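Undergrad: Next comes start-v8.pdb, PDB, C-alpha atoms and all ligand atoms:
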```pdb
ATOM      1  CA  MET A   1      73.163 230.368 195.978  1.00  0.00           C
ATOM      2  CA  TYR A   2      72.078 233.130 193.579  1.00  0.00           C
ATOM      3  CA  ILE A   3      74.679 235.224 191.818  1.00  0.00           C
ATOM      4  CA  ALA A   4      73.928 238.309 189.701  1.00  0.00           C
ATOM      5  CA  CYS A   5      76.402 239.281 186.996  1.00  0.00           C
ATOM      6  CA  THR A   6      76.583 242.183 184.563  1.00  0.00           C
ATOM      7  CA  CYS A   7      78.340 241.286 181.346  1.00  0.00           C
ATOM      8  CA  LYS A   8      79.930 244.037 179.254  1.00  0.00           C
ATOM      9  CA  PRO A   9      80.502 242.665 175.758  1.00  0.00           C
ATOM     10  CA  ALA A  10      82.531 244.786 173.325  1.00  0.00           C
ATOM     11  CA  GLN A  11      79.416 245.429 171.250  1.00  0.00           C
ATOM     12  CA  GLY A  12      75.911 246.161 172.482  1.00  0.00           C
ATOM     13  CA  GLN A  13      74.502 246.979 175.866  1.00  0.00           C
ATOM     14  CA  ASN A  14      75.315 245.480 179.256  1.00  0.00           C
ATOM     15  CA  ILE A  15      73.714 242.104 179.794  1.00  0.00           C
ATOM     16  CA  HIS A  16      72.354 241.246 183.253  1.00  0.00           C
ATOM     17  CA  LEU A  17      72.344 237.591 184.174  1.00  0.00           C
ATOM     18  CA  ILE A  18      71.330 235.748 187.330  1.00  0.00           C
ATOM     19  CA  TYR A  19      72.631 232.285 188.139  1.00  0.00           C
ATOM     20  CA  ASN A  20      71.713 229.770 190.776  1.00  0.00           C
ATOM     21  CA  TYR A  21      74.312 227.157 191.611  1.00  0.00           C
ATOM     22  CA  PHE A  22      76.569 225.544 194.164  1.00  0.00           C
ATOM     23  CA  ILE A  23      79.994 226.673 195.263  1.00  0.00           C
ATOM     24  CA  ASP A  24      82.560 223.873 195.172  1.00  0.00           C
ATOM     25  CA  ASN A  25      85.700 224.575 197.166  1.00  0.00           C
ATOM     26  CA  THR A  26      87.947 222.501 194.922  1.00  0.00           C
ATOM     27  CA  MET A  27      90.284 224.907 193.179  1.00  0.00           C
ATOM     28  CA  LYS A  28      90.807 224.133 189.490  1.00  0.00           C
ATOM     29  CA  HIS A  29      93.446 224.888 186.882  1.00  0.00           C
ATOM     30  CA  ILE A  30      91.617 226.325 183.893  1.00  0.00           C
ATOM     31  CA  LEU A  31      93.261 226.396 180.465  1.00  0.00           C
ATOM     32  CA  HIS A  32      91.661 228.724 177.911  1.00  0.00           C
ATOM     33  CA  ILE A  33      92.638 228.025 174.307  1.00  0.00           C
ATOM     34  CA  THR A  34      91.720 230.910 172.000  1.00  0.00           C
ATOM     35  CA  SER A  35      91.779 230.903 168.209  1.00  0.00           C
ATOM     36  CA  SER A  36      90.136 234.168 167.154  1.00  0.00           C
ATOM     37  CA  PRO A  37      92.261 237.132 166.045  1.00  0.00           C
ATOM     38  CA  ARG A  38      89.427 239.532 166.990  1.00  0.00           C
ATOM     39  CA  GLY A  39      90.332 240.074 170.624  1.00  0.00           C
ATOM     40  CA  LYS A  40      87.591 241.924 172.541  1.00  0.00           C
ATOM     41  CA  GLN A  41      85.284 241.809 169.494  1.00  0.00           C
ATOM     42  CA  SER A  42      85.437 238.018 169.422  1.00  0.00           C
ATOM     43  CA  HIS A  43      82.204 236.217 170.221  1.00  0.00           C
ATOM     44  CA  SER A  44      83.956 232.914 170.929  1.00  0.00           C
ATOM     45  CA  ILE A  45      86.281 234.574 173.450  1.00  0.00           C
ATOM     46  CA  THR A  46      83.405 236.555 175.034  1.00  0.00           C
ATOM     47  CA  LEU A  47      81.462 233.313 175.434  1.00  0.00           C
ATOM     48  CA  ALA A  48      84.467 231.479 176.844  1.00  0.00           C
ATOM     49  CA  ASN A  49      85.091 234.347 179.274  1.00  0.00           C
ATOM     50  CA  ARG A  50      81.521 233.925 180.543  1.00  0.00           C
ATOM     51  CA  ILE A  51      82.179 230.220 181.122  1.00  0.00           C
ATOM     52  CA  ILE A  52      85.439 231.033 182.933  1.00  0.00           C
ATOM     53  CA  GLU A  53      83.756 233.750 185.019  1.00  0.00           C
ATOM     54  CA  LEU A  54      81.201 231.253 186.265  1.00  0.00           C
ATOM     55  CA  LEU A  55      83.800 228.538 186.798  1.00  0.00           C
ATOM     56  CA  SER A  56      85.813 230.983 188.918  1.00  0.00           C
ATOM     57  CA  VAL A  57      82.777 231.618 191.093  1.00  0.00           C
ATOM     58  CA  ARG A  58      81.954 227.943 191.374  1.00  0.00           C
ATOM     59  CA  TYR A  59      85.562 226.945 192.114  1.00  0.00           C
ATOM     60  CA  PRO A  60      87.050 229.828 194.158  1.00  0.00           C
ATOM     61  CA  GLY A  61      90.827 230.270 193.921  1.00  0.00           C
ATOM     62  CA  SER A  62      91.035 228.629 190.508  1.00  0.00           C
ATOM     63  CA  THR A  63      93.924 229.568 188.240  1.00  0.00           C
ATOM     64  CA  LEU A  64      93.606 230.633 184.612  1.00  0.00           C
ATOM     65  CA  HIS A  65      96.165 230.152 181.870  1.00  0.00           C
ATOM     66  CA  ILE A  66      95.424 231.510 178.389  1.00  0.00           C
ATOM     67  CA  ASN A  67      97.021 230.114 175.260  1.00  0.00           C
ATOM     68  CA  ASP A  68      96.321 232.344 172.257  1.00  0.00           C
ATOM     69  CA  THR A  69      96.983 230.036 169.313  1.00  0.00           C
ATOM     70  CA  VAL A  70      96.799 232.936 166.831  1.00  0.00           C
ATOM     71  CA  GLU A  71      99.572 234.826 168.604  1.00  0.00           C
ATOM     72  CA  LYS A  72     101.504 231.624 169.322  1.00  0.00           C
ATOM     73  CA  ASN A  73     101.378 230.751 165.612  1.00  0.00           C
ATOM     74  CA  TYR A  74     102.147 227.040 165.960  1.00  0.00           C
ATOM     75  CA  ILE A  75     103.973 226.004 162.812  1.00  0.00           C
ATOM     76  CA  HIS A  76     102.556 223.389 160.484  1.00  0.00           C
ATOM     77  CA  LEU A  77     104.148 220.043 161.176  1.00  0.00           C
ATOM     78  CA  ASN A  78     107.124 219.365 158.946  1.00  0.00           C
ATOM     79  CA  ALA A  79     109.180 216.241 158.253  1.00  0.00           C
ATOM     80  CA  ILE A  80     111.160 216.401 161.504  1.00  0.00           C
ATOM     81  CA  HIS A  81     108.091 216.568 163.791  1.00  0.00           C
ATOM     82  CA  PRO A  82     106.884 212.956 163.475  1.00  0.00           C
ATOM     83  CA  VAL A  83     110.488 211.751 163.727  1.00  0.00           C
ATOM     84  CA  ALA A  84     111.033 213.777 166.915  1.00  0.00           C
ATOM     85  CA  TYR A  85     107.644 212.693 168.307  1.00  0.00           C
ATOM     86  CA  LEU A  86     108.574 209.016 167.874  1.00  0.00           C
ATOM     87  CA  THR A  87     112.200 209.176 169.008  1.00  0.00           C
ATOM     88  CA  PRO A  88     112.678 208.188 172.679  1.00  0.00           C
ATOM     89  CA  GLU A  89     113.485 211.238 174.829  1.00  0.00           C
ATOM     90  CA  SER A  90     116.855 209.813 175.876  1.00  0.00           C
ATOM     91  CA  GLU A  91     117.915 209.825 172.192  1.00  0.00           C
ATOM     92  CA  HIS A  92     116.770 213.335 171.306  1.00  0.00           C
ATOM     93  CA  SER A  93     119.235 215.396 169.268  1.00  0.00           C
ATOM     94  CA  GLN A  94     119.368 219.183 169.698  1.00  0.00           C
ATOM     95  CA  GLU A  95     117.267 219.442 166.510  1.00  0.00           C
ATOM     96  CA  HIS A  96     114.633 217.160 168.042  1.00  0.00           C
ATOM     97  CA  LYS A  97     114.602 219.236 171.243  1.00  0.00           C
ATOM     98  CA  ASP A  98     114.213 222.497 169.310  1.00  0.00           C
ATOM     99  CA  THR A  99     111.444 220.962 167.214  1.00  0.00           C
ATOM    100  CA  LEU A 100     109.567 219.681 170.248  1.00  0.00           C
ATOM    101  CA  TYR A 101     109.846 222.838 172.351  1.00  0.00           C
ATOM    102  CA  SER A 102     106.407 224.324 171.466  1.00  0.00           C
ATOM    103  CA  SER A 103     104.711 220.961 171.411  1.00  0.00           C
ATOM    104  CA  ASP A 104     106.112 219.908 174.805  1.00  0.00           C
ATOM    105  CA  ASN A 105     105.002 223.207 176.347  1.00  0.00           C
ATOM    106  CA  ALA A 106     101.506 222.816 174.894  1.00  0.00           C
ATOM    107  CA  VAL A 107     101.253 219.230 176.152  1.00  0.00           C
ATOM    108  CA  ASN A 108     102.481 220.228 179.633  1.00  0.00           C
ATOM    109  CA  GLU A 109      99.902 223.034 179.823  1.00  0.00           C
ATOM    110  CA  LEU A 110      97.238 220.564 178.845  1.00  0.00           C
ATOM    111  CA  MET A 111      98.302 217.979 181.408  1.00  0.00           C
ATOM    112  CA  GLN A 112      98.275 220.534 184.213  1.00  0.00           C
ATOM    113  CA  ALA A 113      94.725 221.691 183.418  1.00  0.00           C
ATOM    114  CA  ASP A 114      91.620 220.357 185.156  1.00  0.00           C
ATOM    115  CA  ILE A 115      89.271 222.237 182.841  1.00  0.00           C
ATOM    116  CA  LEU A 116      89.756 223.169 179.193  1.00  0.00           C
ATOM    117  CA  VAL A 117      87.788 226.032 177.685  1.00  0.00           C
ATOM    118  CA  ILE A 118      88.213 226.159 173.919  1.00  0.00           C
ATOM    119  CA  SER A 119      87.140 229.276 172.002  1.00  0.00           C
ATOM    120  CA  VAL A 120      86.181 228.270 168.469  1.00  0.00           C
ATOM    121  CA  PRO A 121      85.269 230.719 165.702  1.00  0.00           C
ATOM    122  CA  LEU A 122      83.648 228.650 162.950  1.00  0.00           C
ATOM    123  CA  TYR A 123      85.681 229.172 159.759  1.00  0.00           C
ATOM    124  CA  ASN A 124      84.491 227.624 156.525  1.00  0.00           C
ATOM    125  CA  PHE A 125      82.356 225.126 158.444  1.00  0.00           C
ATOM    126  CA  ASN A 126      85.303 223.961 160.526  1.00  0.00           C
ATOM    127  CA  ILE A 127      87.792 225.037 163.177  1.00  0.00           C
ATOM    128  CA  PRO A 128      90.375 227.754 162.370  1.00  0.00           C
ATOM    129  CA  SER A 129      93.784 226.564 161.225  1.00  0.00           C
ATOM    130  CA  ALA A 130      95.419 228.155 164.303  1.00  0.00           C
ATOM    131  CA  LEU A 131      93.435 225.783 166.539  1.00  0.00           C
ATOM    132  CA  LYS A 132      94.113 222.814 164.255  1.00  0.00           C
ATOM    133  CA  ALA A 133      97.849 223.603 164.403  1.00  0.00           C
ATOM    134  CA  TRP A 134      97.666 223.520 168.232  1.00  0.00           C
ATOM    135  CA  ILE A 135      95.889 220.152 168.027  1.00  0.00           C
ATOM    136  CA  ASP A 136      98.649 218.807 165.772  1.00  0.00           C
ATOM    137  CA  HIS A 137     101.115 219.782 168.509  1.00  0.00           C
ATOM    138  CA  ILE A 138      99.223 218.155 171.400  1.00  0.00           C
ATOM    139  CA  VAL A 139      98.186 214.843 169.832  1.00  0.00           C
ATOM    140  CA  ARG A 140     101.327 212.935 170.776  1.00  0.00           C
ATOM    141  CA  ALA A 141     101.778 209.155 170.887  1.00  0.00           C
ATOM    142  CA  GLY A 142     103.086 208.135 174.298  1.00  0.00           C
ATOM    143  CA  LYS A 143     102.075 211.441 175.884  1.00  0.00           C
ATOM    144  CA  THR A 144      98.414 212.174 175.163  1.00  0.00           C
ATOM    145  CA  PHE A 145      97.427 208.866 173.563  1.00  0.00           C
ATOM    146  CA  SER A 146      98.896 205.385 173.209  1.00  0.00           C
ATOM    147  CA  TYR A 147      98.599 202.607 170.687  1.00  0.00           C
ATOM    148  CA  GLU A 148      99.645 199.830 173.086  1.00  0.00           C
ATOM    149  CA  GLY A 149      98.758 196.454 171.595  1.00  0.00           C
ATOM    150  CA  GLY A 150      97.404 198.181 168.475  1.00  0.00           C
ATOM    151  CA  LYS A 151      94.515 199.656 170.431  1.00  0.00           C
ATOM    152  CA  PRO A 152      94.227 203.450 170.764  1.00  0.00           C
ATOM    153  CA  GLU A 153      93.840 204.751 174.289  1.00  0.00           C
ATOM    154  CA  GLY A 154      93.525 208.363 175.414  1.00  0.00           C
ATOM    155  CA  LEU A 155      96.008 209.229 178.144  1.00  0.00           C
ATOM    156  CA  LEU A 156      94.332 212.451 179.304  1.00  0.00           C
ATOM    157  CA  LYS A 157      91.822 211.662 182.031  1.00  0.00           C
ATOM    158  CA  ASN A 158      89.445 213.513 184.310  1.00  0.00           C
ATOM    159  CA  LYS A 159      89.371 216.835 182.529  1.00  0.00           C
ATOM    160  CA  LYS A 160      86.218 218.733 181.725  1.00  0.00           C
ATOM    161  CA  VAL A 161      86.063 220.370 178.291  1.00  0.00           C
ATOM    162  CA  TYR A 162      83.919 223.361 177.315  1.00  0.00           C
ATOM    163  CA  LEU A 163      83.595 224.387 173.660  1.00  0.00           C
ATOM    164  CA  ALA A 164      82.609 228.036 173.053  1.00  0.00           C
ATOM    165  CA  ILE A 165      81.662 228.150 169.380  1.00  0.00           C
ATOM    166  CA  ALA A 166      80.809 231.339 167.469  1.00  0.00           C
ATOM    167  CA  SER A 167      79.271 231.437 164.006  1.00  0.00           C
ATOM    168  CA  ASN A 168      77.282 233.724 161.742  1.00  0.00           C
ATOM    169  CA  GLY A 169      74.954 230.865 160.823  1.00  0.00           C
ATOM    170  CA  VAL A 170      72.911 228.533 163.043  1.00  0.00           C
ATOM    171  CA  TYR A 171      74.256 225.004 163.396  1.00  0.00           C
ATOM    172  CA  SER A 172      72.871 223.672 166.687  1.00  0.00           C
ATOM    173  CA  ASP A 173      69.654 222.763 164.858  1.00  0.00           C
ATOM    174  CA  GLY A 174      67.969 223.193 161.499  1.00  0.00           C
ATOM    175  CA  PRO A 175      69.120 222.806 157.881  1.00  0.00           C
ATOM    176  CA  MET A 176      72.790 223.700 158.549  1.00  0.00           C
ATOM    177  CA  LYS A 177      73.244 221.317 161.512  1.00  0.00           C
ATOM    178  CA  SER A 178      75.155 218.683 159.544  1.00  0.00           C
ATOM    179  CA  PHE A 179      77.511 221.292 158.028  1.00  0.00           C
ATOM    180  CA  ASP A 180      79.285 222.185 161.266  1.00  0.00           C
ATOM    181  CA  PHE A 181      82.309 219.917 161.005  1.00  0.00           C
ATOM    182  CA  GLY A 182      84.035 221.710 163.878  1.00  0.00           C
ATOM    183  CA  GLU A 183      82.108 220.449 166.893  1.00  0.00           C
ATOM    184  CA  PRO A 184      82.006 216.760 165.828  1.00  0.00           C
ATOM    185  CA  TYR A 185      85.724 216.884 165.054  1.00  0.00           C
ATOM    186  CA  LEU A 186      86.593 218.457 168.415  1.00  0.00           C
ATOM    187  CA  ARG A 187      84.430 215.935 170.260  1.00  0.00           C
ATOM    188  CA  PHE A 188      86.160 213.123 168.408  1.00  0.00           C
ATOM    189  CA  ILE A 189      89.727 214.330 168.850  1.00  0.00           C
ATOM    190  CA  PHE A 190      89.324 215.141 172.561  1.00  0.00           C
ATOM    191  CA  GLY A 191      87.596 211.773 173.006  1.00  0.00           C
ATOM    192  CA  PHE A 192      90.551 210.147 171.248  1.00  0.00           C
ATOM    193  CA  LEU A 193      92.781 211.729 173.904  1.00  0.00           C
ATOM    194  CA  GLY A 194      90.552 210.379 176.675  1.00  0.00           C
ATOM    195  CA  LEU A 195      88.381 213.442 177.278  1.00  0.00           C
ATOM    196  CA  HIS A 196      84.705 212.592 176.941  1.00  0.00           C
ATOM    197  CA  ASP A 197      83.061 215.073 179.332  1.00  0.00           C
ATOM    198  CA  ILE A 198      82.432 217.842 176.796  1.00  0.00           C
ATOM    199  CA  THR A 199      79.840 220.619 176.886  1.00  0.00           C
ATOM    200  CA  THR A 200      79.193 222.982 173.983  1.00  0.00           C
ATOM    201  CA  TYR A 201      77.874 226.544 174.165  1.00  0.00           C
ATOM    202  CA  ARG A 202      77.256 228.691 171.121  1.00  0.00           C
ATOM    203  CA  ILE A 203      76.818 232.249 170.012  1.00  0.00           C
ATOM    204  CA  GLU A 204      75.263 231.531 166.641  1.00  0.00           C
ATOM    205  CA  GLY A 205      73.227 233.247 163.978  1.00  0.00           C
ATOM    206  CA  ALA A 206      75.207 236.456 164.491  1.00  0.00           C
ATOM    207  CA  GLY A 207      74.975 237.142 160.763  1.00  0.00           C
ATOM    208  CA  MET A 208      71.272 236.359 160.349  1.00  0.00           C
ATOM    209  CA  PRO A 209      68.684 239.149 160.543  1.00  0.00           C
ATOM    210  CA  GLY A 210      65.994 238.244 163.047  1.00  0.00           C
ATOM    211  CA  ILE A 211      68.465 236.125 165.058  1.00  0.00           C
ATOM    212  CA  MET A 212      71.558 238.323 165.171  1.00  0.00           C
ATOM    213  CA  GLU A 213      69.883 240.926 167.384  1.00  0.00           C
ATOM    214  CA  THR A 214      69.689 238.511 170.325  1.00  0.00           C
ATOM    215  CA  ALA A 215      72.445 236.023 169.408  1.00  0.00           C
ATOM    216  CA  LEU A 216      75.003 237.373 171.885  1.00  0.00           C
ATOM    217  CA  GLN A 217      72.613 237.611 174.831  1.00  0.00           C
ATOM    218  CA  LYS A 218      71.081 234.204 174.094  1.00  0.00           C
ATOM    219  CA  GLY A 219      74.509 232.578 173.898  1.00  0.00           C
ATOM    220  CA  LEU A 220      75.713 234.154 177.147  1.00  0.00           C
ATOM    221  CA  GLU A 221      72.490 233.282 178.943  1.00  0.00           C
ATOM    222  CA  SER A 222      72.773 229.645 177.916  1.00  0.00           C
ATOM    223  CA  VAL A 223      75.959 229.160 179.956  1.00  0.00           C
ATOM    224  CA  ALA A 224      75.527 227.096 183.124  1.00  0.00           C
ATOM    225  CA  VAL A 225      78.526 225.422 184.733  1.00  0.00           C
TER     226      VAL A 225
HETATM  227  C1  LIG B 301      87.401 233.209 157.250  1.00  0.00           C
HETATM  228  C2  LIG B 301      86.024 233.133 157.865  1.00  0.00           C
HETATM  229  C3  LIG B 301      85.219 232.049 157.600  1.00  0.00           C
HETATM  230  C4  LIG B 301      83.957 231.971 158.172  1.00  0.00           C
HETATM  231  N1  LIG B 301      83.187 230.862 157.927  1.00  0.00           N
HETATM  232  C5  LIG B 301      81.977 230.767 158.500  1.00  0.00           C
HETATM  233  C6  LIG B 301      81.166 229.619 158.287  1.00  0.00           C
HETATM  234  O1  LIG B 301      81.526 228.684 157.593  1.00  0.00           O
HETATM  235  N2  LIG B 301      79.947 229.583 158.871  1.00  0.00           N
HETATM  236  C7  LIG B 301      79.484 230.595 159.657  1.00  0.00           C
HETATM  237  O2  LIG B 301      78.391 230.496 160.166  1.00  0.00           O
HETATM  238  N3  LIG B 301      80.255 231.682 159.924  1.00  0.00           N
HETATM  239  C8  LIG B 301      81.486 231.783 159.347  1.00  0.00           C
HETATM  240  N4  LIG B 301      82.262 232.873 159.597  1.00  0.00           N
HETATM  241  C9  LIG B 301      81.787 233.883 160.578  1.00  0.00           C
HETATM  242  C10 LIG B 301      82.416 233.597 161.937  1.00  0.00           C
HETATM  243  O3  LIG B 301      82.164 232.291 162.390  1.00  0.00           O
HETATM  244  C11 LIG B 301      81.870 234.595 162.965  1.00  0.00           C
HETATM  245  O4  LIG B 301      82.268 235.892 162.568  1.00  0.00           O
HETATM  246  C12 LIG B 301      82.346 234.315 164.369  1.00  0.00           C
HETATM  247  O5  LIG B 301      81.790 235.266 165.241  1.00  0.00           O
HETATM  248  C13 LIG B 301      83.865 234.345 164.447  1.00  0.00           C
HETATM  249  O6  LIG B 301      84.266 234.087 165.781  1.00  0.00           O
HETATM  250  P1  LIG B 301      84.914 235.238 166.683  1.00  0.00           P
HETATM  251  O7  LIG B 301      83.844 236.284 166.824  1.00  0.00           O
HETATM  252  O8  LIG B 301      85.257 234.560 167.932  1.00  0.00           O
HETATM  253  O9  LIG B 301      86.104 235.755 165.930  1.00  0.00           O
HETATM  254  C14 LIG B 301      83.501 232.980 159.037  1.00  0.00           C
HETATM  255  C15 LIG B 301      84.341 234.083 159.298  1.00  0.00           C
HETATM  256  C16 LIG B 301      85.580 234.165 158.715  1.00  0.00           C
HETATM  257  C17 LIG B 301      86.463 235.339 159.035  1.00  0.00           C
END
```
Could you write out this structure as structure tokens?

TA:
Amino acid sequence: MYIACTCKPAQGQNIHLIYNYFIDNTMKHILHITSSPRGKQSHSITLANRIIELLSVRYPGSTLHINDTVEKNYIHLNAIHPVAYLTPESEHSQEHKDTLYSSDNAVNELMQADILVISVPLYNFNIPSALKAWIDHIVRAGKTFSYEGGKPEGLLKNKKVYLAIASNGVYSDGPMKSFDFGEPYLRFIFGFLGLHDITTYRIEGAGMPGIMETALQKGLESVAV
């Protein structure tokens, strides 16, 4: 089936794209994790929205939940967090429950999702601290991974992950390739949680003359789900 789409990014002209793919009637729960404060100007969110748009066509009736980690402002873990994480639920004090509230919600959202779409602005060659803070709240022994018998095992299964990475430089290839610490880290940490089916799309080179002029269109055109 062919589908024609017109994309209206915040900057630049409309972008016309044509896709050819199958419709799958399995409805999916999509969780979009954002970590850019730039809203409609954000390349990582624009790219993720393209992925979600195509997923919604491929899987009609799918639901979308958005978790904006910048707005959510997950706090840095403090001394009580690891204690609360490791205390059995039946023994939780009110302080433990209050401490775990955001983390439990984030973990529940994650567990309910079939597909994760993660918007990632590259900051200082790595992921933004807002996204890292979310990760610190969802990596939970006994919930998202286990160390049974001293062997780590991811407890999240059968979820597809899409990374939508935006950067001013080019990291998919060339001299800067080994300086993107964000994608390898995300692949590792999601793999640690049991999620190995990960696809990366990029809008990159948006700060480089000669590349920046077509970076947005090229990134959006690369998406195929
Ligand atoms: C604090 C900060 C650090 C950045 N560090 C890098 C970097 O290390 N490499 C790079 O290519 N671009 C870097 N950039 C540019 C962003 O990756 C680029 O603007 C990207 O489009 C941001 O994603 P967004 O559009 O979704 O907000 C940085 C931008 C900011 C604000």

Undergrad: Write out as an NGL selection string each polymer residue (protein, DNA or RNA) that has an atom no more than 6 Å from ligand LIG 301 (chain B), with only C-alpha atoms and all ligand atoms counted.

TA: :A and (36 or 38 or 42-45 or 121-125 or 166-169)

Undergrad: Give me the result of the PyMOL selection byres (((chain A and resi 113) around 9) and not hetatm) on this file, residue by residue, as an MDAnalysis selection string.

TA: chainID A and resid 28:31 65 108:112 114:116 159

Undergrad: Pull out every residue that the PyMOL selection byres (((chain A and resi 187) around 10) and not hetatm) matches in the shown coordinates and put them as a list in words.

TA: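 Output of the PyMOL selection byres (((chain A and resi 187) around 10) and not hetatm): Val161, Leu163, Gly182, Glu183, Pro184, Tyr185, Leu186, Phe188, Ile189, Phe190, Gly191, Phe192, Leu195, His196, Asp197, Ile198, Thr199 and Thr200 of chain A.
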
Undergrad: Have a look at A:Ser102, A:Ser56, A:Asn73, A:Ser93 and name the one nearest to Ile138 in chain A; count only C-alpha atoms.

TA: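 The shortest atom-to-atom distance to Ile138 in chain A comes from A:Ser102.
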
Undergrad: Using only C-alpha atoms, which residues sit within 7 Å of Val170 in chain A once same-chain residues fewer than 3 positions away are excluded, as a list in words?

TA: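 After dropping sequence-adjacent residues, the list is Asp173, Met176, Glu204 and Gly205 of chain A.
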
Undergrad: What is the CA of Arg50 in chain A-CA of Leu216 in chain A distance in Å, reported with one decimal?

TA: 11.4 Å

Undergrad: If we count only C-alpha atoms and set the cut-off at 12 Å, which residues sit around Lys72 in chain A, ignoring sequence neighbours fewer than 4 positions away in its own chain? Please answer as a PyMOL selection string.

TA: chain A and resi 33-37+66-68+102-103+105-106+130-131+133-134+137

Undergrad: Go through A:Ile80, A:Pro152, A:Tyr171, A:Thr69 one by one, measure the shortest atom-to-atom distance of each to Lys132 in chain A using all atoms listed in the file, and give the residue with the smallest value.

TA: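 Using all atoms listed in the file, Lys132 in chain A sits closest to A:Thr69.
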
Undergrad: For CA of Pro60 in chain A and CA of Leu156 in chain A, quote the distance in Å rounded to one decimal.

TA: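 Taking CA of Pro60 in chain A and CA of Leu156 in chain A, their separation equals 24.0 Å.
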
Undergrad: Mind pulling up the distance from CA of Thr144 in chain A to CA of Lys157 in chain A?

TA: 9.5 Å

Undergrad: Which one is closest to Asp180 in chain A: A:Gln217, A:Ser90, A:Asn49, A:Asn126? Count all atoms listed in the file.

TA: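 So, comparing all the options, the nearest one is A:Asn126.
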
Undergrad: So which one's closest to Pro88 in chain A, A:Met208, A:Ala141, A:Ala215, A:Ile203? Using all atoms listed in the file, please.

TA: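 Result for the nearest residue to Pro88 in chain A: A:Ala141.
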
Undergrad: Output the residue selection produced by the PyMOL selection byres (((chain A and resi 81-84) around 10) and not hetatm) on the file above, formatted as a compact mmCIF listing (two decimals) with C-alpha atoms, in the coordinates of the input.

TA:
```txt
# COMPACT_ATOMS: atom_id res chain seq x y z
CA HIS A 76 102.56 223.39 160.48
CA LEU A 77 104.15 220.04 161.18
CA ASN A 78 107.12 219.36 158.95
CA ALA A 79 109.18 216.24 158.25
CA ILE A 80 111.16 216.40 161.50
CA TYR A 85 107.64 212.69 168.31
CA LEU A 86 108.57 209.02 167.87
CA THR A 87 112.20 209.18 169.01
CA PRO A 88 112.68 208.19 172.68
CA GLU A 89 113.48 211.24 174.83
CA GLU A 91 117.92 209.82 172.19
CA HIS A 92 116.77 213.34 171.31
CA SER A 93 119.24 215.40 169.27
CA GLU A 95 117.27 219.44 166.51
CA HIS A 96 114.63 217.16 168.04
CA LYS A 97 114.60 219.24 171.24
CA ASP A 98 114.21 222.50 169.31
CA THR A 99 111.44 220.96 167.21
CA LEU A 100 109.57 219.68 170.25
CA SER A 103 104.71 220.96 171.41
CA ASP A 136 98.65 218.81 165.77
CA HIS A 137 101.12 219.78 168.51
CA ARG A 140 101.33 212.94 170.78
CA ALA A 141 101.78 209.16 170.89
```
